[in-house]
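Structure data (PDB, C-alpha atoms) from structure.pdb:
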```pdb
ATOM      1  CA  MET A  22      44.099 -59.557  27.049
ATOM      2  CA  ILE A  23      47.595 -59.903  28.416
ATOM      3  CA  ARG A  24      48.191 -60.358  32.106
ATOM      4  CA  VAL A  25      50.629 -61.443  34.782
ATOM      5  CA  ILE A  26      50.127 -65.167  35.383
ATOM      6  CA  SER A  27      51.770 -65.757  38.751
ATOM      7  CA  GLY A  28      53.594 -64.193  41.676
ATOM      8  CA  ARG A  29      53.218 -60.840  43.434
ATOM      9  CA  ALA A  30      51.363 -59.165  40.544
ATOM     10  CA  LYS A  31      49.253 -62.212  39.594
ATOM     11  CA  GLY A  32      46.121 -61.342  37.634
ATOM     12  CA  ARG A  33      47.135 -57.767  36.805
ATOM     13  CA  LYS A  34      46.153 -56.831  33.263
ATOM     14  CA  LEU A  35      48.861 -55.315  31.084
ATOM     15  CA  LYS A  36      48.518 -52.703  28.362
ATOM     16  CA  ARG A  37      49.408 -53.511  24.777
ATOM     17  CA  VAL A  38      51.728 -51.348  22.701
ATOM     18  CA  PRO A  39      49.533 -49.233  20.381
ATOM     19  CA  GLY A  40      49.507 -50.427  16.770
ATOM     20  CA  ASP A  41      50.516 -53.829  15.445
ATOM     21  CA  THR A  42      54.312 -53.692  15.664
ATOM     22  CA  THR A  43      54.599 -55.982  18.704
ATOM     23  CA  ARG A  44      53.493 -59.581  19.170
ATOM     24  CA  PRO A  45      52.726 -60.352  22.799
ATOM     25  CA  ILE A  46      53.648 -63.841  23.970
ATOM     26  CA  MET A  47      50.639 -66.099  24.525
ATOM     27  CA  ASP A  48      49.828 -67.019  28.153
ATOM     28  CA  ARG A  49      50.324 -70.731  27.392
ATOM     29  CA  VAL A  50      53.839 -70.091  26.055
ATOM     30  CA  LYS A  51      54.712 -67.754  28.923
ATOM     31  CA  GLU A  52      53.463 -70.298  31.484
ATOM     32  CA  ASN A  53      55.538 -73.057  29.875
ATOM     33  CA  LEU A  54      58.616 -70.811  29.751
ATOM     34  CA  PHE A  55      58.403 -70.068  33.473
ATOM     35  CA  ASN A  56      57.666 -73.718  34.282
ATOM     36  CA  ILE A  57      60.909 -74.642  32.480
ATOM     37  CA  LEU A  58      62.872 -72.011  34.419
ATOM     38  CA  GLY A  59      61.213 -72.869  37.740
ATOM     39  CA  ALA A  60      62.923 -71.683  40.913
ATOM     40  CA  ALA A  61      65.890 -70.308  38.916
ATOM     41  CA  VAL A  62      63.854 -67.120  38.374
ATOM     42  CA  VAL A  63      64.043 -66.221  42.077
ATOM     43  CA  GLY A  64      66.963 -63.862  42.688
ATOM     44  CA  SER A  65      67.883 -63.640  38.993
ATOM     45  CA  ARG A  66      68.766 -60.577  36.939
ATOM     46  CA  TRP A  67      67.193 -60.266  33.456
ATOM     47  CA  LEU A  68      67.648 -58.324  30.246
ATOM     48  CA  ASP A  69      64.393 -58.065  28.256
ATOM     49  CA  LEU A  70      65.595 -57.061  24.775
ATOM     50  CA  PHE A  71      63.015 -55.708  22.308
ATOM     51  CA  ALA A  72      60.805 -55.428  25.400
ATOM     52  CA  GLY A  73      57.531 -54.483  23.691
ATOM     53  CA  THR A  74      54.895 -54.590  26.447
ATOM     54  CA  GLY A  75      57.496 -55.812  28.948
ATOM     55  CA  GLN A  76      55.305 -58.748  29.901
ATOM     56  CA  VAL A  77      58.074 -61.387  30.058
ATOM     57  CA  GLY A  78      60.309 -59.249  32.269
ATOM     58  CA  ILE A  79      57.325 -58.219  34.386
ATOM     59  CA  GLU A  80      56.388 -61.892  34.833
ATOM     60  CA  ALA A  81      59.988 -62.556  35.931
ATOM     61  CA  LEU A  82      59.817 -59.730  38.500
ATOM     62  CA  SER A  83      56.454 -60.948  39.746
ATOM     63  CA  ARG A  84      57.952 -64.422  40.250
ATOM     64  CA  GLY A  85      60.993 -63.210  42.205
ATOM     65  CA  ALA A  86      63.629 -61.834  39.810
ATOM     66  CA  VAL A  87      65.559 -59.070  41.586
ATOM     67  CA  GLU A  88      66.051 -56.807  38.570
ATOM     68  CA  VAL A  89      65.012 -56.546  34.938
ATOM     69  CA  VAL A  90      66.463 -54.145  32.394
ATOM     70  CA  PHE A  91      63.913 -53.484  29.636
ATOM     71  CA  VAL A  92      65.372 -52.277  26.326
ATOM     72  CA  ASP A  93      63.349 -51.092  23.338
ATOM     73  CA  ALA A  94      64.054 -48.477  20.689
ATOM     74  CA  MET A  95      60.437 -47.433  20.170
ATOM     75  CA  TRP A  96      58.886 -44.747  22.387
ATOM     76  CA  PRO A  97      55.366 -46.312  22.405
ATOM     77  CA  ALA A  98      56.882 -49.557  23.748
ATOM     78  CA  ILE A  99      58.912 -47.698  26.395
ATOM     79  CA  ARG A 100      55.802 -45.814  27.539
ATOM     80  CA  THR A 101      53.825 -49.089  27.663
ATOM     81  CA  VAL A 102      56.528 -50.853  29.717
ATOM     82  CA  LYS A 103      56.627 -47.948  32.194
ATOM     83  CA  ASP A 104      52.810 -47.922  32.487
ATOM     84  CA  ASN A 105      52.745 -51.712  33.006
ATOM     85  CA  LEU A 106      55.474 -51.538  35.650
ATOM     86  CA  ARG A 107      53.575 -48.823  37.533
ATOM     87  CA  HIS A 108      50.302 -50.745  37.291
ATOM     88  CA  THR A 109      51.892 -53.939  38.652
ATOM     89  CA  GLY A 110      53.847 -52.163  41.399
ATOM     90  CA  LEU A 111      57.138 -53.579  40.104
ATOM     91  CA  ALA A 112      58.826 -50.387  38.865
ATOM     92  CA  ALA A 113      61.344 -50.259  41.743
ATOM     93  CA  GLU A 114      63.141 -53.384  40.485
ATOM     94  CA  ALA A 115      63.186 -52.286  36.854
ATOM     95  CA  GLN A 116      65.323 -50.153  34.614
ATOM     96  CA  VAL A 117      63.729 -49.044  31.340
ATOM     97  CA  VAL A 118      66.121 -48.021  28.566
ATOM     98  CA  GLN A 119      65.092 -46.497  25.252
ATOM     99  CA  MET A 120      67.913 -47.596  22.989
ATOM    100  CA  ASP A 121      68.635 -49.738  19.972
ATOM    101  CA  ALA A 122      69.141 -53.294  21.274
ATOM    102  CA  PHE A 123      72.378 -53.777  19.343
ATOM    103  CA  LYS A 124      73.857 -50.556  20.719
ATOM    104  CA  TYR A 125      72.894 -51.703  24.207
ATOM    105  CA  LEU A 126      74.651 -55.054  23.703
ATOM    106  CA  ALA A 127      77.781 -53.281  22.428
ATOM    107  CA  GLN A 128      78.173 -51.129  25.561
ATOM    108  CA  ALA A 129      81.286 -51.837  27.590
ATOM    109  CA  ALA A 130      79.832 -51.216  31.049
ATOM    110  CA  VAL A 131      76.951 -53.693  31.154
ATOM    111  CA  ARG A 132      76.675 -55.901  34.258
ATOM    112  CA  PRO A 133      76.172 -59.593  33.336
ATOM    113  CA  PHE A 134      72.658 -61.056  33.364
ATOM    114  CA  ASP A 135      71.315 -64.442  34.433
ATOM    115  CA  VAL A 136      68.752 -64.408  31.614
ATOM    116  CA  VAL A 137      68.725 -62.461  28.358
ATOM    117  CA  TYR A 138      65.302 -62.692  26.708
ATOM    118  CA  VAL A 139      65.344 -61.875  22.980
ATOM    119  CA  ALA A 140      61.971 -61.365  21.253
ATOM    120  CA  PRO A 141      62.568 -59.072  18.276
ATOM    121  CA  PRO A 142      60.219 -58.109  15.446
ATOM    122  CA  GLN A 143      59.606 -61.148  13.264
ATOM    123  CA  TYR A 144      61.151 -62.050   9.905
ATOM    124  CA  LEU A 145      63.910 -59.421   9.967
ATOM    125  CA  GLY A 146      66.761 -61.666  11.083
ATOM    126  CA  MET A 147      67.186 -59.568  14.214
ATOM    127  CA  TRP A 148      67.151 -62.594  16.528
ATOM    128  CA  GLY A 149      70.246 -63.956  14.769
ATOM    129  CA  GLN A 150      71.946 -60.587  14.872
ATOM    130  CA  ALA A 151      71.255 -60.299  18.620
ATOM    131  CA  LEU A 152      72.431 -63.854  19.257
ATOM    132  CA  ARG A 153      75.684 -63.216  17.356
ATOM    133  CA  ALA A 154      76.237 -60.023  19.394
ATOM    134  CA  LEU A 155      75.736 -62.013  22.607
ATOM    135  CA  ASP A 156      78.034 -64.763  21.286
ATOM    136  CA  GLU A 157      80.832 -62.227  20.770
ATOM    137  CA  ARG A 158      80.849 -61.121  24.428
ATOM    138  CA  PRO A 159      79.199 -63.839  26.507
ATOM    139  CA  SER A 160      81.201 -63.296  29.692
ATOM    140  CA  ALA A 161      80.476 -59.542  29.600
ATOM    141  CA  LEU A 162      76.735 -60.044  29.113
ATOM    142  CA  LEU A 163      75.974 -63.347  30.867
ATOM    143  CA  THR A 164      76.792 -64.724  34.294
ATOM    144  CA  PRO A 165      78.719 -68.047  34.133
ATOM    145  CA  THR A 166      75.435 -69.987  34.432
ATOM    146  CA  GLY A 167      73.408 -67.444  32.460
ATOM    147  CA  MET A 168      71.226 -68.242  29.474
ATOM    148  CA  VAL A 169      69.828 -66.590  26.384
ATOM    149  CA  ILE A 170      66.230 -67.362  25.471
ATOM    150  CA  VAL A 171      65.081 -66.463  21.968
ATOM    151  CA  GLN A 172      61.395 -66.215  21.034
ATOM    152  CA  ILE A 173      60.770 -66.510  17.286
ATOM    153  CA  ASP A 174      58.376 -67.925  14.734
ATOM    154  CA  PRO A 175      59.515 -71.505  13.955
ATOM    155  CA  LYS A 176      59.828 -70.541  10.254
ATOM    156  CA  GLU A 177      62.603 -68.119  11.235
ATOM    157  CA  TYR A 178      64.813 -70.677  12.961
ATOM    158  CA  GLU A 179      68.135 -71.641  11.473
ATOM    159  CA  ALA A 180      71.205 -73.128  13.116
ATOM    160  CA  LEU A 181      73.732 -70.344  13.534
ATOM    161  CA  PRO A 182      77.489 -70.878  13.676
ATOM    162  CA  LEU A 183      78.323 -69.696  17.198
ATOM    163  CA  GLN A 184      81.673 -69.764  19.001
ATOM    164  CA  ASN A 185      80.687 -69.354  22.648
ATOM    165  CA  LEU A 186      76.987 -70.140  22.962
ATOM    166  CA  VAL A 187      75.400 -73.522  22.461
ATOM    167  CA  LEU A 188      71.749 -74.411  21.844
ATOM    168  CA  THR A 189      70.635 -76.538  24.803
ATOM    169  CA  ASP A 190      66.874 -76.799  24.246
ATOM    170  CA  GLN A 191      64.099 -75.843  21.823
ATOM    171  CA  ARG A 192      60.372 -75.845  22.443
ATOM    172  CA  GLN A 193      57.599 -75.125  19.967
ATOM    173  CA  TYR A 194      54.115 -73.936  20.900
ATOM    174  CA  GLY A 195      52.051 -73.349  17.764
ATOM    175  CA  ASN A 196      53.630 -70.451  15.904
ATOM    176  CA  THR A 197      56.083 -69.635  18.718
ATOM    177  CA  GLN A 198      59.452 -71.265  19.204
ATOM    178  CA  LEU A 199      61.659 -70.805  22.261
ATOM    179  CA  CYS A 200      65.384 -71.512  21.849
ATOM    180  CA  PHE A 201      67.602 -71.784  24.932
ATOM    181  CA  TYR A 202      71.333 -71.040  24.686
ATOM    182  CA  GLU A 203      74.059 -71.347  27.315
ATOM    183  CA  GLN A 204      77.786 -70.693  27.301
ATOM    184  CA  ALA A 205      79.836 -73.562  25.927
ATOM    185  CA  SER A 206      81.899 -75.274  28.620
TER     186      SER A 206
END
```

Kindly return the structure encoded in the file as structure tokens.
Amino acid sequence: MIRVISGRAKGRKLKRVPGDTTRPIMDRVKENLFNILGAAVVGSRWLDLFAGTGQVGIEALSRGAVEVVFVDAMWPAIRTVKDNLRHTGLAAEAQVVQMDAFKYLAQAAVRPFDVVYVAPPQYLGMWGQALRALDERPSALLTPTGMVIVQIDPKEYEALPLQNLVLTDQRQYGNTQLCFYEQAS
């Protein structure tokens, strides 16, 4: 069972994407992620790339984020995100976009985000591809104090040569690793 842990929609159960193409974040990892972010979530604007069920962005909205843009290329994921937003009563603060994540990142007219959450399908190198795309245009995609958070299997991690983003923290919870990147000063 996946659910909203805290905030306005606390306790609401969320639907899973049909099939086995998505890997929902464990409650323990999600709780630790939001404990790390703390009060910075309130008033923030998020991009949930490879949204899947939308549970990370929905948790952010429940805890006080003002807007989340959910991006996924797969129709079953888009339908699941929309259903979960309706069920939690958080749809008004959300924008759901069915589009390839890399095409979304390449758009010229994107408003910068405070948090970009990247949780792509595992073992395809897509996290690195997304991080490089963000590294190419950090000021177009991130606010000056914005961050990129990548969720991967620890076996996938490798240090990437980046020009504008710097790894500031890493946390491992079982078979989930969270990597935090900020703009280099």

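Taking CA of Ala154 in chain A and CA of Val38 in chain A as the two end points, the separation is 26.2 Å.
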
Answer key for the PyMOL selection byres ((chain A and resi 55) around 12), residues as a PyMOL selection string: chain A and resi 25-28+48-54+56-63+77-86+136+170+199

For the residues selected in the previous step, produce a file with C-alpha atoms as a compact mmCIF listing (two decimals), keeping the file's coordinate frame.
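Below is the file that was written, out-v3.txt:
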```txt
# COMPACT_ATOMS: atom_id res chain seq x y z
CA VAL A 25 50.63 -61.44 34.78
CA ILE A 26 50.13 -65.17 35.38
CA SER A 27 51.77 -65.76 38.75
CA GLY A 28 53.59 -64.19 41.68
CA ASP A 48 49.83 -67.02 28.15
CA ARG A 49 50.32 -70.73 27.39
CA VAL A 50 53.84 -70.09 26.06
CA LYS A 51 54.71 -67.75 28.92
CA GLU A 52 53.46 -70.30 31.48
CA ASN A 53 55.54 -73.06 29.88
CA LEU A 54 58.62 -70.81 29.75
CA ASN A 56 57.67 -73.72 34.28
CA ILE A 57 60.91 -74.64 32.48
CA LEU A 58 62.87 -72.01 34.42
CA GLY A 59 61.21 -72.87 37.74
CA ALA A 60 62.92 -71.68 40.91
CA ALA A 61 65.89 -70.31 38.92
CA VAL A 62 63.85 -67.12 38.37
CA VAL A 63 64.04 -66.22 42.08
CA VAL A 77 58.07 -61.39 30.06
CA GLY A 78 60.31 -59.25 32.27
CA ILE A 79 57.32 -58.22 34.39
CA GLU A 80 56.39 -61.89 34.83
CA ALA A 81 59.99 -62.56 35.93
CA LEU A 82 59.82 -59.73 38.50
CA SER A 83 56.45 -60.95 39.75
CA ARG A 84 57.95 -64.42 40.25
CA GLY A 85 60.99 -63.21 42.20
CA ALA A 86 63.63 -61.83 39.81
CA VAL A 136 68.75 -64.41 31.61
CA ILE A 170 66.23 -67.36 25.47
CA LEU A 199 61.66 -70.81 22.26
```

Give me, please, the distance in Å between CA of Gln191 in chain A and CA of Met47 in chain A, quoted to one decimal. 16.8 Å

Taking the file as I've supplied it (selection: the PyMOL selection byres ((chain A and resi 73) around 10)), which residues are included? Please answer as a ChimeraX atom specification. /A:37-38,42-45,69-72,74-77,91-102,140-142

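Separating CA of Phe123 in chain A from CA of Gln150 in chain A is a distance of 8.2 Å.
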
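Listed by chain and then by number, the residues chosen by the PyMOL selection byres ((chain A and resi 177-179) around 9) in this file are Gln143, Tyr144, Leu145, Gly146, Trp148, Gly149, Ile173, Asp174, Pro175, Lys176, Ala180, Leu181, Gln198 and Cys200 of chain A.
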
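Using all atoms listed in the file for every distance, the candidate list A:Ile23, A:Lys36, A:Gln193, A:Val171 yields A:Lys36 as the residue closest to Leu106 in chain A.
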
Counting all atoms listed in the file, closest pick from A:Arg66, A:Val87, A:Gln128, A:Val139 relative to Leu111 in chain A is A:Val87

Residues within 6 Å of (67.3, -62.4, 28.9), file coordinates, counting all atoms listed in the file: what are they? Give the list as a PyMOL selection string. chain A and resi 67-69+136-138+169

Could you tell me which of A:Met168, A:Tyr202, A:His108, A:Val118 comes closest to Gly32 in chain A if we count all atoms listed in the file? A:His108

Using the file's own x, y and z axes, what box holds all listed atoms of range 140-158 of chain A with 6 Å on each side, keeping edges along x, y and z, and what are its centre and edge lengths in Å to one decimal, as JSON?
```
{"center_x": 70.2, "center_y": -61.4, "center_z": 17.2, "size_x": 33.2, "size_y": 18.7, "size_z": 26.5}
```

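Closest approach to Gln172 in chain A among A:Ile46, A:Val131, A:Ala30, A:Ala112: A:Ile46, based on only C-alpha atoms.
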
Return range 95-129 of chain A, completed with N, CA and C atoms, as a compact mmCIF listing (two decimals), in the frame of the given file.
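out-v9.txt written:
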```
# COMPACT_ATOMS: atom_id res chain seq x y z
N MET A 95 61.65 -48.16 20.54
CA MET A 95 60.44 -47.43 20.17
C MET A 95 59.78 -46.78 21.39
N TRP A 96 59.49 -45.48 21.28
CA TRP A 96 58.89 -44.75 22.39
C TRP A 96 57.54 -45.33 22.84
N PRO A 97 56.63 -45.73 21.93
CA PRO A 97 55.37 -46.31 22.40
C PRO A 97 55.59 -47.56 23.27
N ALA A 98 56.58 -48.37 22.94
CA ALA A 98 56.88 -49.56 23.75
C ALA A 98 57.43 -49.14 25.11
N ILE A 99 58.33 -48.18 25.13
CA ILE A 99 58.91 -47.70 26.40
C ILE A 99 57.81 -47.16 27.31
N ARG A 100 56.92 -46.36 26.75
CA ARG A 100 55.80 -45.81 27.54
C ARG A 100 54.92 -46.94 28.08
N THR A 101 54.66 -47.96 27.25
CA THR A 101 53.82 -49.09 27.66
C THR A 101 54.50 -49.87 28.79
N VAL A 102 55.80 -50.14 28.66
CA VAL A 102 56.53 -50.85 29.72
C VAL A 102 56.44 -50.07 31.03
N LYS A 103 56.68 -48.77 30.97
CA LYS A 103 56.63 -47.95 32.19
C LYS A 103 55.23 -47.98 32.82
N ASP A 104 54.19 -47.85 31.98
CA ASP A 104 52.81 -47.92 32.49
C ASP A 104 52.54 -49.28 33.14
N ASN A 105 52.98 -50.37 32.48
CA ASN A 105 52.74 -51.71 33.01
C ASN A 105 53.50 -51.95 34.31
N LEU A 106 54.71 -51.41 34.41
CA LEU A 106 55.47 -51.54 35.65
C LEU A 106 54.79 -50.79 36.79
N ARG A 107 54.30 -49.59 36.50
CA ARG A 107 53.58 -48.82 37.53
C ARG A 107 52.32 -49.57 37.98
N HIS A 108 51.57 -50.06 37.01
CA HIS A 108 50.30 -50.74 37.29
C HIS A 108 50.51 -52.01 38.13
N THR A 109 51.62 -52.70 37.92
CA THR A 109 51.89 -53.94 38.65
C THR A 109 52.64 -53.70 39.96
N GLY A 110 53.10 -52.47 40.18
CA GLY A 110 53.85 -52.16 41.40
C GLY A 110 55.26 -52.71 41.39
N LEU A 111 55.82 -52.96 40.21
CA LEU A 111 57.14 -53.58 40.10
C LEU A 111 58.21 -52.63 39.57
N ALA A 112 57.90 -51.35 39.47
CA ALA A 112 58.83 -50.39 38.86
C ALA A 112 60.14 -50.24 39.63
N ALA A 113 60.14 -50.46 40.94
CA ALA A 113 61.34 -50.26 41.74
C ALA A 113 62.47 -51.21 41.36
N GLU A 114 62.12 -52.39 40.85
CA GLU A 114 63.14 -53.38 40.48
C GLU A 114 63.48 -53.35 39.00
N ALA A 115 63.02 -52.33 38.31
CA ALA A 115 63.19 -52.29 36.85
C ALA A 115 63.99 -51.07 36.41
N GLN A 116 64.67 -51.26 35.31
CA GLN A 116 65.32 -50.15 34.61
C GLN A 116 64.81 -50.21 33.18
N VAL A 117 64.29 -49.09 32.69
CA VAL A 117 63.73 -49.04 31.34
C VAL A 117 64.63 -48.15 30.49
N VAL A 118 65.15 -48.71 29.40
CA VAL A 118 66.12 -48.02 28.57
C VAL A 118 65.60 -47.91 27.14
N GLN A 119 65.46 -46.68 26.66
CA GLN A 119 65.09 -46.50 25.25
C GLN A 119 66.38 -46.42 24.46
N MET A 120 66.67 -47.50 23.74
CA MET A 120 67.91 -47.60 22.99
C MET A 120 67.80 -48.74 22.00
N ASP A 121 68.52 -48.64 20.92
CA ASP A 121 68.64 -49.74 19.97
C ASP A 121 69.26 -50.93 20.70
N ALA A 122 68.68 -52.10 20.55
CA ALA A 122 69.14 -53.29 21.27
C ALA A 122 70.60 -53.62 20.96
N PHE A 123 71.01 -53.44 19.73
CA PHE A 123 72.38 -53.78 19.34
C PHE A 123 73.38 -52.79 19.93
N LYS A 124 72.99 -51.54 20.05
CA LYS A 124 73.86 -50.56 20.72
C LYS A 124 73.96 -50.89 22.20
N TYR A 125 72.86 -51.32 22.80
CA TYR A 125 72.89 -51.70 24.21
C TYR A 125 73.86 -52.87 24.41
N LEU A 126 73.78 -53.88 23.56
CA LEU A 126 74.65 -55.05 23.70
C LEU A 126 76.12 -54.72 23.48
N ALA A 127 76.40 -53.67 22.73
CA ALA A 127 77.78 -53.28 22.43
C ALA A 127 78.42 -52.43 23.52
N GLN A 128 77.63 -51.96 24.48
CA GLN A 128 78.17 -51.13 25.56
C GLN A 128 79.21 -51.90 26.37
N ALA A 129 80.22 -51.20 26.82
CA ALA A 129 81.29 -51.84 27.59
C ALA A 129 80.89 -52.07 29.05
```
